[in-house]
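Note: the block below is structure-v1.cif and it holds mmCIF, C-alpha atoms and all ligand atoms.
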data_final
loop_
_atom_site.group_PDB
_atom_site.id
_atom_site.type_symbol
_atom_site.label_atom_id
_atom_site.label_comp_id
_atom_site.auth_asym_id
_atom_site.auth_seq_id
_atom_site.Cartn_x
_atom_site.Cartn_y
_atom_site.Cartn_z
ATOM 1 C CA MET A 167 110.767 92.323 103.800
ATOM 2 C CA THR A 168 112.090 94.456 106.678
ATOM 3 C CA LYS A 169 112.327 98.168 106.192
ATOM 4 C CA ASP A 170 115.773 99.741 106.713
ATOM 5 C CA VAL A 171 115.694 101.787 109.904
ATOM 6 C CA ILE A 172 118.389 104.353 110.637
ATOM 7 C CA ASP A 173 119.879 103.936 114.123
ATOM 8 C CA ARG A 174 118.779 106.765 116.419
ATOM 9 C CA TYR A 175 120.892 108.575 118.995
ATOM 10 C CA GLY A 176 120.559 111.918 120.737
ATOM 11 C CA VAL A 177 121.536 114.234 123.557
ATOM 12 C CA MET A 178 119.146 114.922 126.422
ATOM 13 C CA GLY A 179 119.565 118.030 128.572
ATOM 14 C CA TYR A 180 117.783 121.094 129.930
ATOM 15 C CA PRO A 181 118.411 123.491 128.315
ATOM 16 C CA VAL A 182 120.133 121.794 125.419
ATOM 17 C CA SER A 183 119.805 124.101 122.425
ATOM 18 C CA HIS A 184 123.447 125.226 122.770
ATOM 19 C CA SER A 185 124.760 121.644 122.565
ATOM 20 C CA ARG A 186 127.385 120.907 119.907
ATOM 21 C CA SER A 187 126.902 117.152 120.222
ATOM 22 C CA PRO A 188 124.630 116.814 117.141
ATOM 23 C CA VAL A 189 127.208 118.555 114.946
ATOM 24 C CA ILE A 190 130.079 116.516 116.372
ATOM 25 C CA HIS A 191 128.293 113.168 115.964
ATOM 26 C CA ARG A 192 127.199 114.025 112.435
ATOM 27 C CA LEU A 193 130.796 114.830 111.546
ATOM 28 C CA PHE A 194 131.943 111.547 113.132
ATOM 29 C CA ALA A 195 129.255 109.648 111.194
ATOM 30 C CA GLN A 196 130.256 111.234 107.883
ATOM 31 C CA GLN A 197 133.911 110.612 108.515
ATOM 32 C CA THR A 198 133.455 106.940 109.444
ATOM 33 C CA GLN A 199 130.668 106.353 106.900
ATOM 34 C CA GLN A 200 128.159 105.291 109.507
ATOM 35 C CA GLU A 201 124.513 105.863 108.852
ATOM 36 C CA LEU A 202 122.810 107.266 111.917
ATOM 37 C CA GLN A 203 120.548 110.001 113.164
ATOM 38 C CA TYR A 204 121.394 112.212 116.195
ATOM 39 C CA GLU A 205 118.726 114.389 117.816
ATOM 40 C CA LEU A 206 118.675 117.302 120.243
ATOM 41 C CA LEU A 207 116.203 116.449 123.029
ATOM 42 C CA GLN A 208 115.193 119.127 125.504
ATOM 43 C CA VAL A 209 113.754 117.340 128.536
ATOM 44 C CA SER A 210 113.003 118.913 131.918
ATOM 45 C CA PRO A 211 114.028 117.065 135.099
ATOM 46 C CA SER A 212 110.467 115.967 135.904
ATOM 47 C CA LYS A 213 110.133 114.290 132.468
ATOM 48 C CA LEU A 214 113.575 112.650 132.370
ATOM 49 C CA GLU A 215 112.558 109.098 133.278
ATOM 50 C CA ARG A 216 109.642 108.999 130.865
ATOM 51 C CA ALA A 217 111.680 110.492 128.021
ATOM 52 C CA VAL A 218 114.609 108.089 128.468
ATOM 53 C CA LEU A 219 112.390 104.995 128.650
ATOM 54 C CA GLN A 220 110.335 106.179 125.686
ATOM 55 C CA PHE A 221 113.469 106.764 123.585
ATOM 56 C CA GLY A 222 114.577 103.180 124.248
ATOM 57 C CA ARG A 223 111.101 101.690 123.734
ATOM 58 C CA THR A 224 110.789 103.336 120.337
ATOM 59 C CA GLY A 225 114.032 101.825 119.064
ATOM 60 C CA GLY A 226 116.578 104.464 120.133
ATOM 61 C CA LYS A 227 120.078 102.961 120.359
ATOM 62 C CA GLY A 228 121.891 105.394 122.614
ATOM 63 C CA LEU A 229 121.786 108.758 124.349
ATOM 64 C CA ASN A 230 124.194 111.332 125.621
ATOM 65 C CA ILE A 231 122.981 112.820 128.875
ATOM 66 C CA THR A 232 124.025 116.312 129.810
ATOM 67 C CA VAL A 233 123.376 118.999 132.430
ATOM 68 C CA PRO A 234 121.412 118.778 134.694
ATOM 69 C CA HIS A 235 120.599 115.053 134.347
ATOM 70 C CA LYS A 236 123.935 113.238 134.616
ATOM 71 C CA SER A 237 123.560 112.261 138.252
ATOM 72 C CA GLU A 238 119.803 111.607 138.245
ATOM 73 C CA VAL A 239 119.993 109.280 135.241
ATOM 74 C CA THR A 240 122.144 106.804 137.199
ATOM 75 C CA ARG A 241 118.854 105.650 138.804
ATOM 76 C CA LEU A 242 117.546 104.510 135.437
ATOM 77 C CA VAL A 243 120.380 102.223 134.381
ATOM 78 C CA GLY A 244 120.476 98.473 134.993
ATOM 79 C CA ASP A 245 124.251 98.321 134.826
ATOM 80 C CA MET A 246 127.002 100.928 134.691
ATOM 81 C CA SER A 247 130.740 101.086 134.102
ATOM 82 C CA GLU A 248 133.211 101.488 136.940
ATOM 83 C CA ARG A 249 134.159 104.943 135.663
ATOM 84 C CA ALA A 250 130.503 106.040 135.744
ATOM 85 C CA SER A 251 130.138 104.639 139.218
ATOM 86 C CA ASN A 252 133.287 106.495 140.380
ATOM 87 C CA ALA A 253 132.006 109.709 138.850
ATOM 88 C CA GLY A 254 128.509 109.205 140.312
ATOM 89 C CA ALA A 255 127.262 110.317 136.915
ATOM 90 C CA VAL A 256 126.372 108.935 133.505
ATOM 91 C CA ASN A 257 126.750 110.804 130.220
ATOM 92 C CA THR A 258 126.279 107.898 127.811
ATOM 93 C CA LEU A 259 123.411 105.415 127.663
ATOM 94 C CA VAL A 260 123.272 102.271 125.580
ATOM 95 C CA PHE A 261 119.846 100.688 125.061
ATOM 96 C CA ARG A 262 120.423 96.942 125.144
ATOM 97 C CA ASP A 263 117.738 94.309 124.544
ATOM 98 C CA ASP A 264 117.338 93.576 128.235
ATOM 99 C CA GLU A 265 118.548 96.717 130.033
ATOM 100 C CA ILE A 266 119.906 100.249 129.843
ATOM 101 C CA TYR A 267 123.688 100.464 130.285
ATOM 102 C CA GLY A 268 125.327 103.652 131.583
ATOM 103 C CA ASP A 269 128.859 104.885 131.047
ATOM 104 C CA ASN A 270 130.745 108.119 131.611
ATOM 105 C CA THR A 271 133.180 109.326 128.960
ATOM 106 C CA ASP A 272 133.928 112.773 130.434
ATOM 107 C CA GLY A 273 136.994 111.668 132.402
ATOM 108 C CA VAL A 274 138.611 109.815 129.528
ATOM 109 C CA GLY A 275 137.736 112.750 127.263
ATOM 110 C CA LEU A 276 139.632 115.140 129.517
ATOM 111 C CA MET A 277 142.603 112.782 129.816
ATOM 112 C CA ARG A 278 142.866 112.336 126.033
ATOM 113 C CA ASP A 279 142.791 116.086 125.521
ATOM 114 C CA LEU A 280 145.393 116.774 128.231
ATOM 115 C CA GLN A 281 147.740 113.933 127.368
ATOM 116 C CA ASP A 282 147.317 113.254 123.649
ATOM 117 C CA ASN A 283 146.211 116.603 122.205
ATOM 118 C CA LEU A 284 148.069 118.982 124.525
ATOM 119 C CA GLY A 285 150.993 116.638 125.195
ATOM 120 C CA LEU A 286 150.981 117.056 128.998
ATOM 121 C CA GLN A 287 152.805 114.526 131.136
ATOM 122 C CA LEU A 288 150.633 114.425 134.268
ATOM 123 C CA LYS A 289 152.835 112.067 136.276
ATOM 124 C CA GLU A 290 154.280 113.983 139.252
ATOM 125 C CA MET A 291 152.396 117.166 138.438
ATOM 126 C CA ASN A 292 150.833 119.309 141.141
ATOM 127 C CA ILE A 293 147.248 119.800 140.035
ATOM 128 C CA LEU A 294 144.700 122.284 141.363
ATOM 129 C CA ILE A 295 140.996 121.836 140.635
ATOM 130 C CA LEU A 296 138.725 124.835 141.207
ATOM 131 C CA GLY A 297 135.184 123.777 142.140
ATOM 132 C CA ALA A 298 133.750 120.760 143.920
ATOM 133 C CA GLY A 299 130.551 119.893 142.060
ATOM 134 C CA GLY A 300 129.658 117.076 139.678
ATOM 135 C CA ALA A 301 132.255 118.115 137.111
ATOM 136 C CA THR A 302 135.059 117.746 139.667
ATOM 137 C CA ARG A 303 133.746 114.433 140.915
ATOM 138 C CA GLY A 304 133.957 113.094 137.356
ATOM 139 C CA ILE A 305 137.617 113.940 136.782
ATOM 140 C CA VAL A 306 139.403 113.131 140.052
ATOM 141 C CA SER A 307 139.696 109.355 139.523
ATOM 142 C CA PRO A 308 141.072 109.523 135.973
ATOM 143 C CA LEU A 309 143.524 112.272 137.008
ATOM 144 C CA LEU A 310 144.729 110.144 139.941
ATOM 145 C CA GLU A 311 145.344 107.223 137.597
ATOM 146 C CA ALA A 312 147.998 109.355 135.877
ATOM 147 C CA GLU A 313 149.912 109.443 139.214
ATOM 148 C CA PRO A 314 150.239 113.167 139.848
ATOM 149 C CA GLU A 315 152.287 114.394 142.819
ATOM 150 C CA SER A 316 149.178 115.985 144.330
ATOM 151 C CA ILE A 317 145.639 117.109 143.610
ATOM 152 C CA VAL A 318 144.156 119.999 145.594
ATOM 153 C CA ILE A 319 140.431 120.667 145.283
ATOM 154 C CA ALA A 320 139.644 124.293 146.094
ATOM 155 C CA ASN A 321 136.090 125.490 146.474
ATOM 156 C CA ARG A 322 134.111 128.492 147.632
ATOM 157 C CA THR A 323 132.282 126.139 150.009
ATOM 158 C CA LEU A 324 135.004 124.232 151.841
ATOM 159 C CA SER A 325 132.754 121.384 153.032
ATOM 160 C CA ARG A 326 132.034 120.228 149.457
ATOM 161 C CA ALA A 327 135.751 120.162 148.603
ATOM 162 C CA THR A 328 136.526 118.266 151.816
ATOM 163 C CA ALA A 329 133.793 115.712 151.101
ATOM 164 C CA LEU A 330 135.251 115.012 147.643
ATOM 165 C CA ALA A 331 138.834 114.861 148.926
ATOM 166 C CA ASP A 332 137.749 112.384 151.630
ATOM 167 C CA HIS A 333 135.878 110.318 149.047
ATOM 168 C CA PHE A 334 138.913 109.954 146.755
ATOM 169 C CA SER A 335 141.827 110.082 149.207
ATOM 170 C CA ALA A 336 142.079 106.280 149.418
ATOM 171 C CA ASN A 337 143.081 106.326 145.737
ATOM 172 C CA GLY A 338 145.785 108.977 145.907
ATOM 173 C CA PRO A 339 147.057 112.304 147.276
ATOM 174 C CA VAL A 340 143.951 114.528 147.261
ATOM 175 C CA SER A 341 143.317 117.398 149.670
ATOM 176 C CA ALA A 342 140.907 120.317 149.979
ATOM 177 C CA CYS A 343 141.056 124.028 150.711
ATOM 178 C CA ARG A 344 139.237 127.322 150.209
ATOM 179 C CA PHE A 345 140.101 129.573 147.246
ATOM 180 C CA LYS A 346 141.592 132.141 149.575
ATOM 181 C CA ASN A 347 143.896 129.621 151.279
ATOM 182 C CA ILE A 348 145.724 128.586 148.130
ATOM 183 C CA GLY A 349 149.340 129.473 148.726
ATOM 184 C CA THR A 350 152.154 129.846 146.213
ATOM 185 C CA LEU A 351 153.479 126.407 147.126
ATOM 186 C CA PRO A 352 153.333 123.939 145.609
ATOM 187 C CA VAL A 353 153.755 125.602 142.222
ATOM 188 C CA TYR A 354 150.787 124.256 140.263
ATOM 189 C CA ASP A 355 151.645 122.703 136.927
ATOM 190 C CA LEU A 356 147.989 122.438 135.954
ATOM 191 C CA VAL A 357 144.950 124.405 137.143
ATOM 192 C CA ILE A 358 141.558 123.092 136.020
ATOM 193 C CA ASN A 359 138.454 125.250 136.301
ATOM 194 C CA ALA A 360 135.545 122.935 137.118
ATOM 195 C CA THR A 361 133.250 125.583 138.594
ATOM 196 C CA SER A 362 130.035 126.516 136.840
ATOM 197 C CA ALA A 363 130.720 130.206 137.521
ATOM 198 C CA GLY A 364 131.583 131.153 133.927
ATOM 199 C CA ILE A 365 128.534 129.388 132.515
ATOM 200 C CA LYS A 366 126.374 131.373 134.925
ATOM 201 C CA GLY A 367 128.105 134.594 133.874
ATOM 202 C CA ASP A 368 129.880 135.009 137.240
ATOM 203 C CA THR A 369 133.552 135.811 137.614
ATOM 204 C CA PRO A 370 134.528 134.709 141.122
ATOM 205 C CA PRO A 371 137.767 135.821 142.726
ATOM 206 C CA TYR A 372 139.874 133.034 141.228
ATOM 207 C CA PRO A 373 143.060 132.636 143.293
ATOM 208 C CA GLU A 374 145.938 134.557 141.708
ATOM 209 C CA ALA A 375 148.475 132.664 143.850
ATOM 210 C CA ALA A 376 147.682 129.529 141.839
ATOM 211 C CA ILE A 377 149.198 130.847 138.635
ATOM 212 C CA HIS A 378 152.926 130.636 137.915
ATOM 213 C CA PRO A 379 154.627 131.221 134.534
ATOM 214 C CA LYS A 380 154.871 127.422 134.137
ATOM 215 C CA THR A 381 151.169 126.788 134.922
ATOM 216 C CA VAL A 382 148.884 125.389 132.233
ATOM 217 C CA CYS A 383 145.256 126.443 132.811
ATOM 218 C CA TYR A 384 142.363 124.373 131.506
ATOM 219 C CA ASP A 385 138.719 125.444 131.605
ATOM 220 C CA LEU A 386 136.235 122.562 131.377
ATOM 221 C CA SER A 387 133.836 125.139 129.896
ATOM 222 C CA TYR A 388 134.070 126.309 126.307
ATOM 223 C CA GLY A 389 132.401 128.881 124.137
ATOM 224 C CA LEU A 390 132.503 130.707 120.860
ATOM 225 C CA SER A 391 134.666 133.318 122.522
ATOM 226 C CA PRO A 392 137.318 132.816 125.223
ATOM 227 C CA THR A 393 135.794 131.957 128.613
ATOM 228 C CA PRO A 394 136.111 134.348 131.582
ATOM 229 C CA PHE A 395 138.463 131.889 133.329
ATOM 230 C CA SER A 396 140.674 131.469 130.257
ATOM 231 C CA ILE A 397 140.937 135.249 129.882
ATOM 232 C CA TRP A 398 141.741 135.632 133.583
ATOM 233 C CA ALA A 399 144.396 132.872 133.429
ATOM 234 C CA ALA A 400 146.101 134.439 130.414
ATOM 235 C CA GLU A 401 146.100 137.806 132.184
ATOM 236 C CA GLN A 402 147.805 136.228 135.218
ATOM 237 C CA GLY A 403 150.654 135.089 132.982
ATOM 238 C CA ALA A 404 149.850 131.372 132.735
ATOM 239 C CA LYS A 405 152.059 129.435 130.333
ATOM 240 C CA ARG A 406 149.011 128.307 128.426
ATOM 241 C CA SER A 407 145.257 128.822 128.761
ATOM 242 C CA VAL A 408 142.970 126.293 127.106
ATOM 243 C CA THR A 409 139.174 125.820 127.005
ATOM 244 C CA GLY A 410 137.270 122.538 126.988
ATOM 245 C CA TRP A 411 136.606 122.041 123.265
ATOM 246 C CA GLY A 412 139.068 119.168 123.108
ATOM 247 C CA MET A 413 137.452 117.387 126.042
ATOM 248 C CA LEU A 414 134.037 117.877 124.416
ATOM 249 C CA VAL A 415 135.147 116.252 121.179
ATOM 250 C CA GLU A 416 137.081 113.464 122.927
ATOM 251 C CA GLN A 417 134.197 112.505 125.225
ATOM 252 C CA ALA A 418 131.914 112.426 122.198
ATOM 253 C CA ALA A 419 134.379 110.210 120.332
ATOM 254 C CA GLU A 420 134.414 107.742 123.228
ATOM 255 C CA SER A 421 130.588 107.639 123.244
ATOM 256 C CA PHE A 422 130.628 107.109 119.473
ATOM 257 C CA PHE A 423 133.087 104.246 119.941
ATOM 258 C CA ILE A 424 130.891 102.650 122.621
ATOM 259 C CA TRP A 425 127.871 102.810 120.306
ATOM 260 C CA ARG A 426 129.422 102.052 116.924
ATOM 261 C CA GLY A 427 132.697 100.228 117.666
ATOM 262 C CA VAL A 428 134.598 102.709 115.463
ATOM 263 C CA ARG A 429 137.003 105.445 116.614
ATOM 264 C CA PRO A 430 136.651 108.707 114.725
ATOM 265 C CA ASP A 431 139.563 111.036 113.984
ATOM 266 C CA THR A 432 139.036 113.702 116.638
ATOM 267 C CA ALA A 433 141.737 116.113 115.432
ATOM 268 C CA ALA A 434 139.899 116.824 112.183
ATOM 269 C CA VAL A 435 136.588 117.475 113.972
ATOM 270 C CA LEU A 436 138.203 119.611 116.674
ATOM 271 C CA LYS A 437 139.808 121.730 113.987
ATOM 272 C CA GLN A 438 136.510 122.161 112.147
ATOM 273 C CA LEU A 439 134.724 123.228 115.336
ATOM 274 C CA THR A 440 137.304 125.652 116.631
ATOM 275 C CA THR A 441 138.381 127.386 113.451
ATOM 276 C CA ASN A 442 137.606 131.080 113.971
ATOM 277 C CA ILE A 443 137.722 130.796 117.778
ATOM 278 C CA SER A 444 140.640 132.703 119.250
HETATM 279 P P1 LIG A 501 127.821 120.649 138.702
HETATM 280 O O1 LIG A 501 127.351 119.464 139.453
HETATM 281 O O2 LIG A 501 127.170 120.824 137.362
HETATM 282 O O3 LIG A 501 129.316 120.773 138.646
HETATM 283 P P2 LIG A 501 127.327 122.208 141.015
HETATM 284 O O4 LIG A 501 127.238 120.991 141.818
HETATM 285 O O5 LIG A 501 126.340 123.262 141.300
HETATM 286 O O6 LIG A 501 127.257 121.936 139.484
HETATM 287 O O7 LIG A 501 128.814 122.779 141.197
HETATM 288 C C1 LIG A 501 129.216 123.961 140.687
HETATM 289 C C2 LIG A 501 130.591 124.316 141.240
HETATM 290 O O8 LIG A 501 130.898 125.633 140.802
HETATM 291 C C3 LIG A 501 130.651 124.344 142.753
HETATM 292 O O9 LIG A 501 131.956 124.004 143.158
HETATM 293 C C4 LIG A 501 130.357 125.798 143.064
HETATM 294 O O10 LIG A 501 130.860 126.259 144.294
HETATM 295 P P3 LIG A 501 130.018 126.023 145.664
HETATM 296 O O11 LIG A 501 130.144 124.585 146.008
HETATM 297 O O12 LIG A 501 130.658 126.931 146.636
HETATM 298 O O13 LIG A 501 128.595 126.420 145.342
HETATM 299 C C5 LIG A 501 131.114 126.466 141.943
HETATM 300 N N1 LIG A 501 130.621 127.814 141.660
HETATM 301 C C6 LIG A 501 129.521 128.149 140.955
HETATM 302 N N2 LIG A 501 129.394 129.490 140.890
HETATM 303 C C7 LIG A 501 130.451 130.020 141.581
HETATM 304 C C8 LIG A 501 130.895 131.338 141.866
HETATM 305 N N3 LIG A 501 130.225 132.408 141.462
HETATM 306 N N4 LIG A 501 132.015 131.472 142.595
HETATM 307 C C9 LIG A 501 132.708 130.399 143.027
HETATM 308 N N5 LIG A 501 132.347 129.123 142.780
HETATM 309 C C10 LIG A 501 131.234 128.947 142.065
#
Can you give me the file's structure in the form of structure tokens?
Amino acid sequence: MTKDVIDRYGVMGYPVSHSRSPVIHRLFAQQTQQELQYELLQVSPSKLERAVLQFGRTGGKGLNITVPHKSEVTRLVGDMSERASNAGAVNTLVFRDDEIYGDNTDGVGLMRDLQDNLGLQLKEMNILILGAGGATRGIVSPLLEAEPESIVIANRTLSRATALADHFSANGPVSACRFKNIGTLPVYDLVINATSAGIKGDTPPYPEAAIHPKTVCYDLSYGLSPTPFSIWAAEQGAKRSVTGWGMLVEQAAESFFIWRGVRPDTAAVLKQLTTNIS
């Protein structure tokens, strides 16, 4: 007689203790009546390969991969989705019988939050992205698919913004500039903070010229209190200033769907997580 084994999942990062993924996936599992276990796995960069392979060898079904491993883990997958390949990063692993499959649900998570939860029509919008690191690389392709009028990537270090704009410009209207060269035209409909400044406790001189009374500001970061960027954006008179809780829940829901074939109700979980956050 075979013993019932509960399917194992987890999130691997360094550090990872702050991660909300275990709570979110447990709520999804309860809601969809799936029996599974989801662990928090703190793994340093030098131990990543061993830890991933070990998780799969011991029967693990899937992993979320978070900072700082999303790019490095692409080396360990046998096959990956087009969206992961475009992003140059993997945040979801599936342990198959014969190989490890990698996907990236961050982009679709952002798009679902912007379009479905916040009701934004991105077609013909002028979009400004602040920052040119891995987070930006992961969102440019899905944003371009929504056919905006333009995407400008602004970064403290111009060369990184230019490299990303060059990489994606075959797919749509993407350009690069420095923070200080952002003018008042075009009027940005959407400004996305994809820098890691807030997480590191820095408040860079975000460009005031980017904010117009019709601008919606979105911080990919989130926290138990408003993020420095979201506070700054509200102070500049942005129409709306939102943090990344919705993206977090939506990317998790897409991972859950990949693993379990069931789509959880994200609105209920988002509400549970953000009640009491102003
Ligand atoms: P990740 O891959 O996790 O996004 P990263 O590659 O280090 O991390 O990118 C972080 C982004 O935040 C970069 O665009 C970085 O700007 P630089 O390319 O000039 O380094 C930006 N960033 C981080 N701290 C910042 C700060 N204090 N002021 C302005 N930009 C900052």
### Task
Would you list the residues that come within 12 Å of ligand LIG 501 (chain A)? Count all atoms listed in the file and give the answer as an NGL selection string.
:A and (179-180 or 232-238 or 253-255 or 295-305 or 319-330 or 342-346 or 358-373 or 386-387 or 394-395)
### Query
Can you tell me how far CA of Asp245 (chain A) sits from CA of Ala418 (chain A), in Å to one decimal?
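Pair CA of Asp245 (chain A) / CA of Ala418 (chain A) returns 20.4 Å.
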### Message
Env of Ile424 (chain A): 12 Å cut, atoms = only C-alpha atoms, seq-sep filter 5 positions within chain, self excluded. Answer as a list in words.
### Response
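Contacts, in chain order: Lys227, Gly228, Leu229, Asn230, Ser247, Asn257, Thr258, Leu259, Val260, Phe261, Tyr267, Gly268, Asp269, Asn270, Thr271, Gln417, Ala418, Ala419, Arg429 and Pro430 of chain A.
Of the listed residues (A:His378, A:Arg174, A:His184, A:Arg241), A:Arg174 comes nearest to Glu205 (chain A); the distances count all atoms listed in the file.
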### Task
To verify the selection step, state as a list in words which residues the PyMOL selection byres (((chain A and resi 383) around 8) and not hetatm) yields on this input.
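Evaluating the PyMOL selection byres (((chain A and resi 383) around 8) and not hetatm) on this file yields Leu356, Val357, Ile358, Asn359, Thr381, Val382, Tyr384, Asp385, Ser396, Ala399, Ala404, Lys405, Arg406, Ser407 and Val408 of chain A.
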### Query
How many Å lie between CA of Gly222 (chain A) and CA of Phe423 (chain A), rounded to one decimal?
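For CA of Gly222 (chain A) relative to CA of Phe423 (chain A), the distance reads 19.0 Å.
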## Note on the structure
From the list A:Ser335, A:Gln287, A:Gln281, A:Ser391, the nearest residue to Pro314 (chain A) using all atoms listed in the file is A:Gln287
